[in-house]
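Colleague: For reference, this is final_5.txt, and it has compact mmCIF, C-alpha atoms.
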```txt
# COMPACT_ATOMS: atom_id res chain seq x y z
CA MET B 835 -27.03 23.63 -6.03
CA SER B 836 -30.00 25.88 -6.68
CA GLU B 837 -33.47 24.37 -6.92
CA LEU B 838 -34.96 23.91 -10.39
CA LYS B 839 -37.69 26.32 -11.44
CA ARG B 840 -41.11 24.93 -12.30
CA THR B 841 -44.01 26.15 -14.44
CA PRO B 842 -47.56 26.53 -13.05
CA LEU B 843 -48.43 23.22 -14.77
CA TYR B 844 -45.78 21.14 -13.02
CA PRO B 845 -48.25 19.61 -10.49
CA LEU B 846 -50.37 18.32 -13.42
CA TYR B 847 -47.52 16.47 -15.14
CA ALA B 848 -47.79 13.61 -12.64
CA GLU B 849 -51.35 12.92 -13.83
CA ILE B 850 -49.97 11.77 -17.20
CA PRO B 851 -48.41 8.28 -17.10
CA GLY B 852 -45.00 8.04 -18.76
CA VAL B 853 -43.99 11.65 -18.14
CA ARG B 854 -40.24 12.20 -17.76
CA CYS B 855 -38.79 15.54 -16.65
CA ILE B 856 -35.26 16.86 -17.07
CA ASP B 857 -33.21 19.89 -16.09
CA PHE B 858 -33.54 22.26 -19.04
CA GLY B 859 -31.62 25.49 -18.44
CA GLY B 860 -32.49 25.46 -14.74
CA TRP B 861 -36.13 24.40 -15.29
CA ASP B 862 -37.73 21.08 -14.36
CA LEU B 863 -39.52 20.40 -17.66
CA PRO B 864 -41.06 17.35 -19.37
CA VAL B 865 -38.87 15.92 -22.13
CA GLN B 866 -41.72 13.53 -23.00
CA PHE B 867 -45.16 12.40 -21.89
CA SER B 868 -45.99 9.34 -24.02
CA GLY B 869 -42.82 9.17 -26.14
CA ILE B 870 -40.94 11.63 -28.34
CA HIS B 871 -41.77 9.94 -31.65
CA LYS B 872 -45.44 9.52 -30.76
CA GLU B 873 -45.73 13.19 -29.75
CA HIS B 874 -43.81 14.32 -32.85
CA GLU B 875 -46.15 12.32 -35.07
CA ALA B 876 -49.22 13.75 -33.30
CA VAL B 877 -48.09 17.31 -34.09
CA ARG B 878 -47.39 16.47 -37.75
CA GLU B 879 -50.70 14.62 -38.24
CA ALA B 880 -53.15 15.99 -35.63
CA ALA B 881 -52.03 18.26 -32.76
CA GLY B 882 -49.80 18.56 -29.73
CA LEU B 883 -50.03 20.78 -26.66
CA PHE B 884 -46.78 22.14 -25.21
CA ASP B 885 -46.20 23.85 -21.88
CA VAL B 886 -43.73 26.62 -22.74
CA SER B 887 -44.41 28.75 -19.67
CA HIS B 888 -40.66 28.92 -18.99
CA MET B 889 -40.30 31.49 -21.79
CA GLY B 890 -39.78 35.11 -20.73
CA GLU B 891 -42.14 38.04 -21.34
CA PHE B 892 -41.06 41.68 -21.05
CA MET B 893 -43.55 44.52 -21.41
CA VAL B 894 -42.18 47.67 -23.03
CA SER B 895 -44.20 50.88 -23.20
CA GLY B 896 -43.91 54.63 -23.46
CA PRO B 897 -43.53 57.32 -26.14
CA ASN B 898 -40.06 56.04 -27.12
CA ALA B 899 -40.85 52.31 -26.96
CA GLU B 900 -40.74 51.88 -30.74
CA SER B 901 -37.41 53.67 -31.21
CA PHE B 902 -35.92 51.70 -28.29
CA ILE B 903 -36.94 48.32 -29.75
CA GLN B 904 -35.78 49.47 -33.18
CA HIS B 905 -32.35 50.20 -31.69
CA VAL B 906 -31.92 46.85 -29.89
CA THR B 907 -33.41 44.45 -32.49
CA VAL B 908 -32.41 43.64 -36.08
CA ASN B 909 -35.86 43.55 -37.71
CA ASP B 910 -37.89 46.66 -38.59
CA VAL B 911 -40.39 47.16 -35.78
CA THR B 912 -41.84 50.28 -37.50
CA THR B 913 -43.67 47.98 -39.95
CA LEU B 914 -45.81 46.46 -37.17
CA VAL B 915 -49.41 47.43 -36.53
CA PRO B 916 -51.27 46.60 -33.29
CA GLY B 917 -52.21 42.92 -33.38
CA GLN B 918 -49.09 41.92 -35.32
CA ALA B 919 -45.87 40.19 -34.22
CA GLN B 920 -42.45 39.67 -35.78
CA TYR B 921 -39.51 37.36 -35.29
CA SER B 922 -36.25 39.17 -34.57
CA ALA B 923 -32.93 39.02 -32.74
CA MET B 924 -30.84 41.20 -30.47
CA CYS B 925 -27.15 41.49 -31.34
CA TYR B 926 -23.92 42.56 -29.69
CA PRO B 927 -21.88 45.30 -31.43
CA ASP B 928 -19.71 42.59 -33.07
CA GLY B 929 -22.78 40.94 -34.66
CA GLY B 930 -23.02 37.97 -32.29
CA VAL B 931 -26.52 37.16 -31.03
CA VAL B 932 -27.72 38.12 -27.54
CA ASP B 933 -30.97 36.22 -28.14
CA ASP B 934 -33.66 35.58 -30.74
CA LEU B 935 -37.14 36.71 -29.77
CA LEU B 936 -40.68 37.62 -30.81
CA VAL B 937 -41.87 41.23 -30.73
CA TYR B 938 -45.64 41.78 -30.26
CA LYS B 939 -47.18 45.18 -30.89
CA LEU B 940 -50.02 45.25 -28.35
CA GLU B 941 -51.10 48.83 -29.13
CA GLU B 942 -49.46 52.11 -30.02
CA GLN B 943 -46.50 52.63 -27.67
CA SER B 944 -46.98 49.20 -26.06
CA TYR B 945 -45.10 45.97 -26.87
CA MET B 946 -44.36 42.52 -25.51
CA LEU B 947 -40.96 40.88 -26.06
CA VAL B 948 -40.87 37.10 -25.74
CA VAL B 949 -37.37 35.77 -25.00
CA ASN B 950 -35.76 32.39 -24.39
CA ALA B 951 -36.03 31.02 -20.85
CA SER B 952 -32.31 30.47 -20.33
CA ASN B 953 -31.62 34.06 -21.39
CA ILE B 954 -34.24 35.92 -19.30
CA ASP B 955 -31.79 37.46 -16.81
CA LYS B 956 -29.11 38.18 -19.42
CA ASP B 957 -31.64 39.75 -21.82
CA TRP B 958 -33.19 41.87 -19.08
CA GLU B 959 -29.77 43.19 -18.09
CA TRP B 960 -28.84 43.89 -21.73
CA LEU B 961 -32.06 45.83 -22.35
CA GLN B 962 -31.68 47.78 -19.11
CA GLN B 963 -28.18 48.82 -20.19
CA HIS B 964 -29.62 50.37 -23.36
CA LEU B 965 -32.89 51.70 -21.95
CA GLN B 966 -33.87 55.15 -23.25
CA ASP B 967 -35.81 57.97 -21.63
CA GLY B 968 -39.53 57.69 -22.26
CA VAL B 969 -39.50 53.87 -22.02
CA GLN B 970 -40.90 51.71 -19.21
CA MET B 971 -40.09 48.01 -18.92
CA THR B 972 -41.55 45.32 -16.68
CA ASN B 973 -40.62 41.65 -16.45
CA GLU B 974 -43.88 39.66 -16.44
CA SER B 975 -42.23 36.24 -16.91
CA ASP B 976 -43.29 34.83 -13.52
CA GLU B 977 -46.86 36.07 -13.82
CA MET B 978 -47.50 34.65 -17.30
CA ALA B 979 -47.93 31.14 -18.66
CA LEU B 980 -47.63 30.09 -22.30
CA LEU B 981 -49.20 27.10 -24.03
CA ALA B 982 -48.49 26.12 -27.64
CA LEU B 983 -51.21 24.25 -29.53
CA GLN B 984 -49.56 23.04 -32.73
CA GLY B 985 -50.55 20.85 -35.66
CA PRO B 986 -52.94 20.63 -38.64
CA LYS B 987 -55.96 20.18 -36.33
CA ALA B 988 -55.04 23.08 -34.00
CA GLU B 989 -57.63 25.47 -35.45
CA GLU B 990 -60.31 22.78 -35.48
CA ILE B 991 -59.66 22.14 -31.77
CA LEU B 992 -59.43 25.76 -30.61
CA ALA B 993 -62.04 27.51 -32.79
CA PRO B 994 -65.20 26.18 -31.05
CA LEU B 995 -63.80 27.18 -27.65
CA VAL B 996 -63.35 30.91 -28.34
CA ASP B 997 -65.61 33.77 -29.40
CA ALA B 998 -63.28 34.85 -32.21
CA ASP B 999 -62.92 33.84 -35.87
CA LEU B 1000 -59.55 32.09 -35.95
CA SER B 1001 -59.85 31.33 -39.67
CA LYS B 1002 -59.18 35.03 -40.34
CA LEU B 1003 -56.15 35.21 -38.05
CA GLY B 1004 -53.05 35.33 -40.25
CA ALA B 1005 -49.54 34.17 -39.45
CA PHE B 1006 -47.77 36.39 -36.91
CA HIS B 1007 -51.04 38.09 -35.96
CA PHE B 1008 -52.77 37.83 -32.60
CA LEU B 1009 -55.97 38.56 -30.70
CA GLN B 1010 -56.11 39.94 -27.16
CA ASN B 1011 -58.65 39.51 -24.36
CA VAL B 1012 -60.10 36.29 -25.79
CA SER B 1013 -62.08 34.19 -23.31
CA LEU B 1014 -60.90 30.56 -23.03
CA PHE B 1015 -62.14 28.32 -20.23
CA GLY B 1016 -62.82 31.41 -18.11
CA ALA B 1017 -59.37 32.94 -18.67
CA SER B 1018 -58.61 36.12 -20.62
CA VAL B 1019 -55.87 35.11 -23.07
CA LEU B 1020 -53.80 36.40 -25.96
CA ILE B 1021 -53.93 34.00 -28.93
CA SER B 1022 -51.12 34.29 -31.46
CA ARG B 1023 -50.76 32.41 -34.76
CA THR B 1024 -47.13 31.54 -34.20
CA GLY B 1025 -45.20 28.45 -33.21
CA TYR B 1026 -41.95 26.52 -33.25
CA THR B 1027 -42.83 23.28 -35.01
CA GLY B 1028 -43.16 24.02 -38.73
CA GLU B 1029 -46.91 23.39 -38.45
CA ASP B 1030 -49.91 25.69 -38.25
CA GLY B 1031 -50.90 26.47 -34.70
CA PHE B 1032 -51.32 28.94 -31.89
CA GLU B 1033 -49.48 30.21 -28.85
CA ILE B 1034 -51.70 31.12 -25.91
CA TYR B 1035 -50.44 33.69 -23.35
CA LEU B 1036 -52.38 33.81 -20.10
CA PRO B 1037 -52.10 34.52 -16.37
CA ALA B 1038 -50.14 31.78 -14.60
CA ALA B 1039 -53.01 31.07 -12.20
CA ASP B 1040 -55.35 30.22 -15.12
CA ALA B 1041 -52.94 27.84 -16.88
CA PRO B 1042 -54.00 24.56 -15.20
CA ALA B 1043 -57.68 24.97 -16.12
CA VAL B 1044 -56.87 25.89 -19.74
CA TRP B 1045 -54.33 23.03 -20.09
CA LYS B 1046 -56.87 20.51 -18.77
CA GLY B 1047 -59.71 21.94 -20.87
CA LEU B 1048 -57.73 21.83 -24.10
CA LEU B 1049 -56.51 18.26 -23.54
CA GLU B 1050 -60.02 17.09 -22.68
CA HIS B 1051 -61.64 18.79 -25.67
CA GLY B 1052 -58.83 17.86 -28.05
CA ASP B 1053 -58.69 14.19 -27.12
CA ALA B 1054 -61.26 13.27 -29.80
CA HIS B 1055 -59.07 15.04 -32.39
CA GLY B 1056 -55.91 13.15 -31.47
CA LEU B 1057 -54.40 15.93 -29.33
CA LEU B 1058 -51.50 14.80 -27.13
CA PRO B 1059 -49.47 16.65 -24.51
CA ALA B 1060 -45.97 17.08 -25.96
CA GLY B 1061 -42.59 17.68 -24.33
CA LEU B 1062 -39.21 19.20 -25.10
CA GLY B 1063 -38.01 16.18 -27.06
CA ALA B 1064 -40.68 16.48 -29.75
CA ARG B 1065 -40.38 20.27 -29.69
CA ASP B 1066 -36.71 19.88 -30.63
CA THR B 1067 -37.18 17.31 -33.41
CA LEU B 1068 -40.08 19.29 -34.89
CA ARG B 1069 -38.24 22.62 -34.95
CA PHE B 1070 -35.11 20.87 -36.30
CA GLU B 1071 -36.96 19.39 -39.29
CA ALA B 1072 -38.34 22.86 -40.08
CA LYS B 1073 -34.86 24.46 -39.66
CA LEU B 1074 -36.00 26.74 -36.86
CA PRO B 1075 -32.93 27.81 -34.83
CA LEU B 1076 -32.28 27.06 -31.18
CA TYR B 1077 -30.29 29.63 -29.24
CA GLY B 1078 -27.03 28.11 -28.07
CA GLN B 1079 -26.88 25.81 -31.10
CA GLU B 1080 -27.70 27.60 -34.37
CA LEU B 1081 -27.38 31.10 -32.84
CA SER B 1082 -25.07 32.38 -30.10
CA LYS B 1083 -22.75 35.22 -29.11
CA ASP B 1084 -20.27 33.63 -31.54
CA ILE B 1085 -22.74 32.99 -34.40
CA SER B 1086 -24.25 35.97 -36.21
CA PRO B 1087 -27.84 35.93 -37.53
CA LEU B 1088 -26.42 35.99 -41.08
CA GLU B 1089 -24.37 32.86 -40.39
CA GLY B 1090 -27.17 31.19 -38.39
CA GLY B 1091 -29.65 31.25 -41.27
CA ILE B 1092 -31.98 34.06 -40.16
CA GLY B 1093 -30.55 36.79 -42.42
CA PHE B 1094 -34.03 37.36 -43.90
CA PHE B 1095 -35.05 39.00 -40.61
CA VAL B 1096 -32.03 41.33 -40.48
CA LYS B 1097 -33.11 44.62 -42.10
CA LEU B 1098 -29.78 46.19 -43.04
CA ASN B 1099 -31.49 48.56 -45.49
CA GLN B 1100 -33.53 50.36 -42.82
CA ALA B 1101 -32.56 53.96 -42.08
CA ASP B 1102 -32.24 53.41 -38.32
CA ASP B 1103 -29.05 52.12 -36.77
CA PHE B 1104 -29.38 49.10 -34.52
CA ILE B 1105 -26.79 47.48 -32.27
CA GLY B 1106 -24.59 45.26 -34.43
CA LYS B 1107 -25.69 46.76 -37.76
CA GLU B 1108 -22.23 47.97 -38.76
CA ALA B 1109 -20.61 44.59 -38.05
CA LEU B 1110 -23.35 42.70 -39.89
CA GLN B 1111 -23.15 45.03 -42.89
CA GLN B 1112 -19.39 44.48 -43.01
CA GLN B 1113 -19.86 40.71 -42.75
CA LYS B 1114 -22.33 40.78 -45.63
CA ASN B 1115 -20.11 43.03 -47.79
CA SER B 1116 -16.97 40.94 -47.30
CA GLY B 1117 -18.78 37.61 -47.67
CA ILE B 1118 -20.40 35.66 -44.84
CA PRO B 1119 -17.63 33.31 -43.65
CA ARG B 1120 -19.82 30.46 -42.41
CA LYS B 1121 -23.21 29.15 -43.44
CA LEU B 1122 -25.82 26.98 -41.74
CA VAL B 1123 -26.57 24.06 -44.07
CA GLY B 1124 -28.39 20.76 -44.02
CA VAL B 1125 -26.39 17.54 -44.20
CA GLU B 1126 -27.61 14.01 -44.84
CA MET B 1127 -25.55 11.00 -43.84
CA ILE B 1128 -24.51 8.70 -46.68
CA ASP B 1129 -22.71 6.26 -44.40
CA ARG B 1130 -24.63 4.75 -41.52
CA GLY B 1131 -24.52 7.00 -38.47
CA ILE B 1132 -26.36 9.84 -36.75
CA PRO B 1133 -24.83 13.34 -36.63
CA ARG B 1134 -25.06 14.95 -33.18
CA SER B 1135 -24.42 18.45 -31.84
CA HIS B 1136 -20.74 19.47 -31.91
CA TYR B 1137 -19.60 16.55 -34.09
CA PRO B 1138 -16.81 17.95 -36.32
CA VAL B 1139 -17.39 18.26 -40.08
CA TYR B 1140 -14.48 17.79 -42.49
CA ALA B 1141 -13.61 18.36 -46.13
CA GLY B 1142 -10.58 16.19 -46.77
CA ASP B 1143 -8.23 16.60 -43.81
CA THR B 1144 -9.53 20.07 -42.90
CA GLN B 1145 -12.23 20.67 -40.30
CA ILE B 1146 -14.71 23.08 -41.90
CA GLY B 1147 -17.24 23.35 -39.08
CA GLU B 1148 -19.48 21.29 -36.84
CA ILE B 1149 -22.98 19.90 -36.46
CA THR B 1150 -25.25 22.26 -34.51
CA THR B 1151 -28.24 19.88 -34.25
CA GLY B 1152 -28.67 16.38 -35.62
CA THR B 1153 -30.86 13.30 -35.28
CA GLN B 1154 -32.74 10.68 -37.21
CA SER B 1155 -35.71 12.64 -38.53
CA PRO B 1156 -38.91 11.09 -37.12
CA THR B 1157 -40.94 12.31 -40.13
CA LEU B 1158 -38.48 11.50 -42.91
CA LYS B 1159 -36.62 8.53 -41.34
CA ARG B 1160 -33.29 9.95 -42.58
CA ASN B 1161 -30.14 10.73 -40.58
CA LEU B 1162 -29.91 14.50 -40.87
CA GLY B 1163 -28.07 17.40 -39.32
CA LEU B 1164 -27.77 21.16 -39.37
CA ALA B 1165 -24.13 22.18 -39.68
CA LEU B 1166 -22.33 25.51 -39.46
CA ILE B 1167 -19.53 25.21 -41.99
CA ASP B 1168 -17.18 27.33 -44.13
CA SER B 1169 -19.21 28.96 -46.89
CA SER B 1170 -16.79 27.63 -49.53
CA HIS B 1171 -18.11 24.10 -48.85
CA ALA B 1172 -21.80 24.98 -48.43
CA ALA B 1173 -23.12 24.29 -51.96
CA ILE B 1174 -25.88 21.68 -52.19
CA GLY B 1175 -24.48 18.33 -53.30
CA MET B 1176 -21.01 18.85 -51.84
CA GLN B 1177 -19.53 15.80 -50.12
CA VAL B 1178 -18.30 16.20 -46.54
CA GLU B 1179 -17.41 13.89 -43.67
CA VAL B 1180 -18.82 13.91 -40.15
CA ASP B 1181 -16.69 12.62 -37.29
CA VAL B 1182 -19.08 10.27 -35.47
CA ARG B 1183 -17.34 9.10 -32.29
CA GLY B 1184 -13.92 9.01 -33.91
CA LYS B 1185 -14.99 7.61 -37.30
CA ARG B 1186 -15.17 9.79 -40.41
CA LEU B 1187 -18.49 9.05 -42.14
CA LYS B 1188 -19.58 10.34 -45.54
CA ALA B 1189 -22.35 12.92 -45.77
CA GLU B 1190 -23.76 15.33 -48.32
CA VAL B 1191 -24.95 18.94 -48.14
CA VAL B 1192 -28.71 18.98 -48.83
CA SER B 1193 -31.39 21.64 -49.08
CA VAL B 1194 -33.29 22.90 -46.02
CA PRO B 1195 -35.77 23.01 -44.41
CA PHE B 1196 -35.90 19.21 -44.33
CA TYR B 1197 -39.67 19.39 -43.79
CA LYS B 1198 -42.11 21.94 -45.14
CA ARG B 1199 -45.81 21.51 -44.56
CA ALA B 1200 -48.37 21.95 -47.34
CA ARG B 1201 -49.74 25.49 -46.92
CA LYS B 1202 -53.42 25.73 -46.10
CA GLY B 1203 -54.82 29.01 -44.80
CA ALA B 1204 -52.70 30.95 -42.37
CA ASP B 1205 -49.01 30.21 -42.25
CA SER B 1206 -46.91 30.13 -39.10
CA GLN B 1207 -43.28 30.03 -38.11
```
Would you encode the structure as C-alpha cells?
Modeller:
Amino acid sequence: MSELKRTPLYPLYAEIPGVRCIDFGGWDLPVQFSGIHKEHEAVREAAGLFDVSHMGEFMVSGPNAESFIQHVTVNDVTTLVPGQAQYSAMCYPDGGVVDDLLVYKLEEQSYMLVVNASNIDKDWEWLQQHLQDGVQMTNESDEMALLALQGPKAEEILAPLVDADLSKLGAFHFLQNVSLFGASVLISRTGYTGEDGFEIYLPAADAPAVWKGLLEHGDAHGLLPAGLGARDTLRFEAKLPLYGQELSKDISPLEGGIGFFVKLNQADDFIGKEALQQQKNSGIPRKLVGVEMIDRGIPRSHYPVYAGDTQIGEITTGTQSPTLKRNLGLALIDSSHAAIGMQVEVDVRGKRLKAEVVSVPFYKRARKGADSQ
C-alpha cells in the first residue's frame, strides 16, 4: 500500500486540538478541526481557512498556449485578459468529463491550470497527449501550496495584511506578486463555498508562515481552520459540482449542471464539442436537480431515485443541510422527471421515501461587492 501524500501544512495540523485526518484520494487531509458544523457555520457567518494544497497546478506557456487551451477546454479562453480566470472543463470526445478546472491568464501567452488533486496524473497525461507545437507545460503541483480564505469577513481579514486594494478585485480576477507575511503570493477572488473569499497560491515553503499568520490575525474576526467536511457541505449547498459525483467520464457538463460554461457557439472546435452539440440538439437525457425529502430520511450518494416502479437516476451528493436544516440532495435523473415540484422516491437503505424536486442552488448568499464561485 503506497504512503499517503501530505501537504506542507500537515505538521501544523497536530497543533489544533480535535483535528481528524482521512485518506482523501491518496492524501492525508483534515476532514475537520473543531467540527464540521462549527466550521461550516464559521464560513457562512465569519470566515474559514482551508488548506487545499493538494490541488494541482500546471503552467502552460508559449505562442500557441491560447489555441491549445481553447482546444482542450469547453469555455472560451480567448475572452480572458491577464489577471482574469475562468471556470471550465476538459472533455473526452464522447462528451464525458476528464476534469473540471480553473484557467488563469497570467500574462499574454502564459496560463495556469488548476486541476483536482485526484486527477493530477490523469489530467497531465491527457494534456500531454494533445500538446501542440509552440506550447510548454510544467507541473508545479509539488512546489505550490494553496490556501482558501472564505466567508463574509474574508476581505476584512485579508485587506490590512496586503499592499493591494482588495475591494476593487472582482470575481474571477486575481493579483500577482502580492506580499503576505513575507511570501510573494497570487490572490484570486474565487472559491468553492458559495461565499465571497480568496484563494491564495504561494510557494510550498512559505505556506506554514502564511497559514499561522492568517489564523492569528483572523482569530478576532471569528476565523476558524476548516476541513474537507465543511468544504463539502458548503459547496453542496451552493450546488458547486464535485468531480466523481456531479461530473465524471460518464456525466457530461450539460447533464452535470455546468452547461453555462460550455461555449458551443464559439468558432473554435474543442474536444467533445460535436458530442455535446448533438446532446443539446437531441435533448439532454439527464439533468442534475435538487431534491428535498418529504419523508424522514437523509439522501446519500448513489441512493437510487424512483418514479413509480422505474429507477430514474440516483443521488450524487446528499446530507442534512447545516445552514437550512433540511434533508437535501443533488440527483442526476431522467430529464422527463426533472421539473420543480415533481414527486419522486429515494431508496434509503431499502425503504422508498417520498421526496420532491426543488430549485437549486439550495443556498445563495446576499451579493455585496465582488461575487465569487
Colleague: Tell me, as a PyMOL selection string, which residues lie within 10 Å of Gly1142 of chain B, counting only C-alpha atoms; anything in the same chain fewer than 4 positions away does not count.
Modeller: chain B and resi 1146+1177-1179
Colleague: Can I get the selected residues back with C-alpha atoms, as a CSV table (one decimal), in the frame of the given file?
Modeller:
```csv
chain,number,residue,atom,x,y,z
B,1146,ILE,CA,-14.7,23.1,-41.9
B,1177,GLN,CA,-19.5,15.8,-50.1
B,1178,VAL,CA,-18.3,16.2,-46.5
B,1179,GLU,CA,-17.4,13.9,-43.7
```
Colleague: Give me, as a short mmCIF file (atom, residue, chain, number, x, y, z; two decimals) with C-alpha atoms, in the frame of the given file, all polymer residues having an atom no more than 10 Å from segment 1010-1014 of chain B, counting only C-alpha atoms and skipping those fewer than 2 positions away in the same chain.
Modeller:
```cif
data_model
loop_
_atom_site.label_atom_id
_atom_site.label_comp_id
_atom_site.auth_asym_id
_atom_site.auth_seq_id
_atom_site.Cartn_x
_atom_site.Cartn_y
_atom_site.Cartn_z
CA GLY B 917 -52.21 42.92 -33.38
CA LEU B 940 -50.02 45.25 -28.35
CA LEU B 992 -59.43 25.76 -30.61
CA LEU B 995 -63.80 27.18 -27.65
CA VAL B 996 -63.35 30.91 -28.34
CA ASP B 997 -65.61 33.77 -29.40
CA ALA B 998 -63.28 34.85 -32.21
CA PHE B 1008 -52.77 37.83 -32.60
CA GLY B 1016 -62.82 31.41 -18.11
CA ALA B 1017 -59.37 32.94 -18.67
CA SER B 1018 -58.61 36.12 -20.62
CA VAL B 1019 -55.87 35.11 -23.07
CA LEU B 1020 -53.80 36.40 -25.96
CA ILE B 1021 -53.93 34.00 -28.93
CA SER B 1022 -51.12 34.29 -31.46
CA ILE B 1034 -51.70 31.12 -25.91
CA TYR B 1035 -50.44 33.69 -23.35
CA LEU B 1036 -52.38 33.81 -20.10
CA ASP B 1040 -55.35 30.22 -15.12
CA ALA B 1043 -57.68 24.97 -16.12
CA VAL B 1044 -56.87 25.89 -19.74
CA GLY B 1047 -59.71 21.94 -20.87
CA LEU B 1048 -57.73 21.83 -24.10
#
```
Colleague: If we count only C-alpha atoms, what is near segment 851-863 of chain B at a cut-off of 7 Å, once residues fewer than 2 positions away on the same chain are taken out, given as number ranges by chain?
Modeller: B: 838-840, 847-849, 865-868, 952
Colleague: Next, the residues of the selection above should be written as a short mmCIF file (atom, residue, chain, number, x, y, z; two decimals), keeping the file's coordinate frame with C-alpha atoms.
Modeller:
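Here's the written file part.cif:
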```cif
data_model
loop_
_atom_site.label_atom_id
_atom_site.label_comp_id
_atom_site.auth_asym_id
_atom_site.auth_seq_id
_atom_site.Cartn_x
_atom_site.Cartn_y
_atom_site.Cartn_z
CA LEU B 838 -34.96 23.91 -10.39
CA LYS B 839 -37.69 26.32 -11.44
CA ARG B 840 -41.11 24.93 -12.30
CA TYR B 847 -47.52 16.47 -15.14
CA ALA B 848 -47.79 13.61 -12.64
CA GLU B 849 -51.35 12.92 -13.83
CA VAL B 865 -38.87 15.92 -22.13
CA GLN B 866 -41.72 13.53 -23.00
CA PHE B 867 -45.16 12.40 -21.89
CA SER B 868 -45.99 9.34 -24.02
CA SER B 952 -32.31 30.47 -20.33
#
```
Colleague: Extract, using only C-alpha atoms, all DNA, RNA and protein residues at most 12 Å from Arg1160 of chain B, discarding same-chain residues fewer than 3 positions from it, and format them as a VMD selection string.
Modeller: chain B and resid 1071 1124 to 1133 1152 to 1157 1163 1189 1192 1196 to 1197
Colleague: Let me make sure I understand: among B:Ala919, B:Leu1076, B:Met889, B:Leu1057, which one has the smallest atom-to-atom distance to Ala1005 of chain B if we use only C-alpha atoms?
Modeller: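 Smallest separation from Ala1005 of chain B among the options: B:Ala919.
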Colleague: Return the single residue from B:Ala876, B:Leu1187, B:Ile903, B:Leu883 that is closest to Leu961 of chain B, with distances computed using all atoms listed in the file.
Modeller: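 Using all atoms listed in the file, the shortest distance to Leu961 of chain B belongs to B:Ile903.
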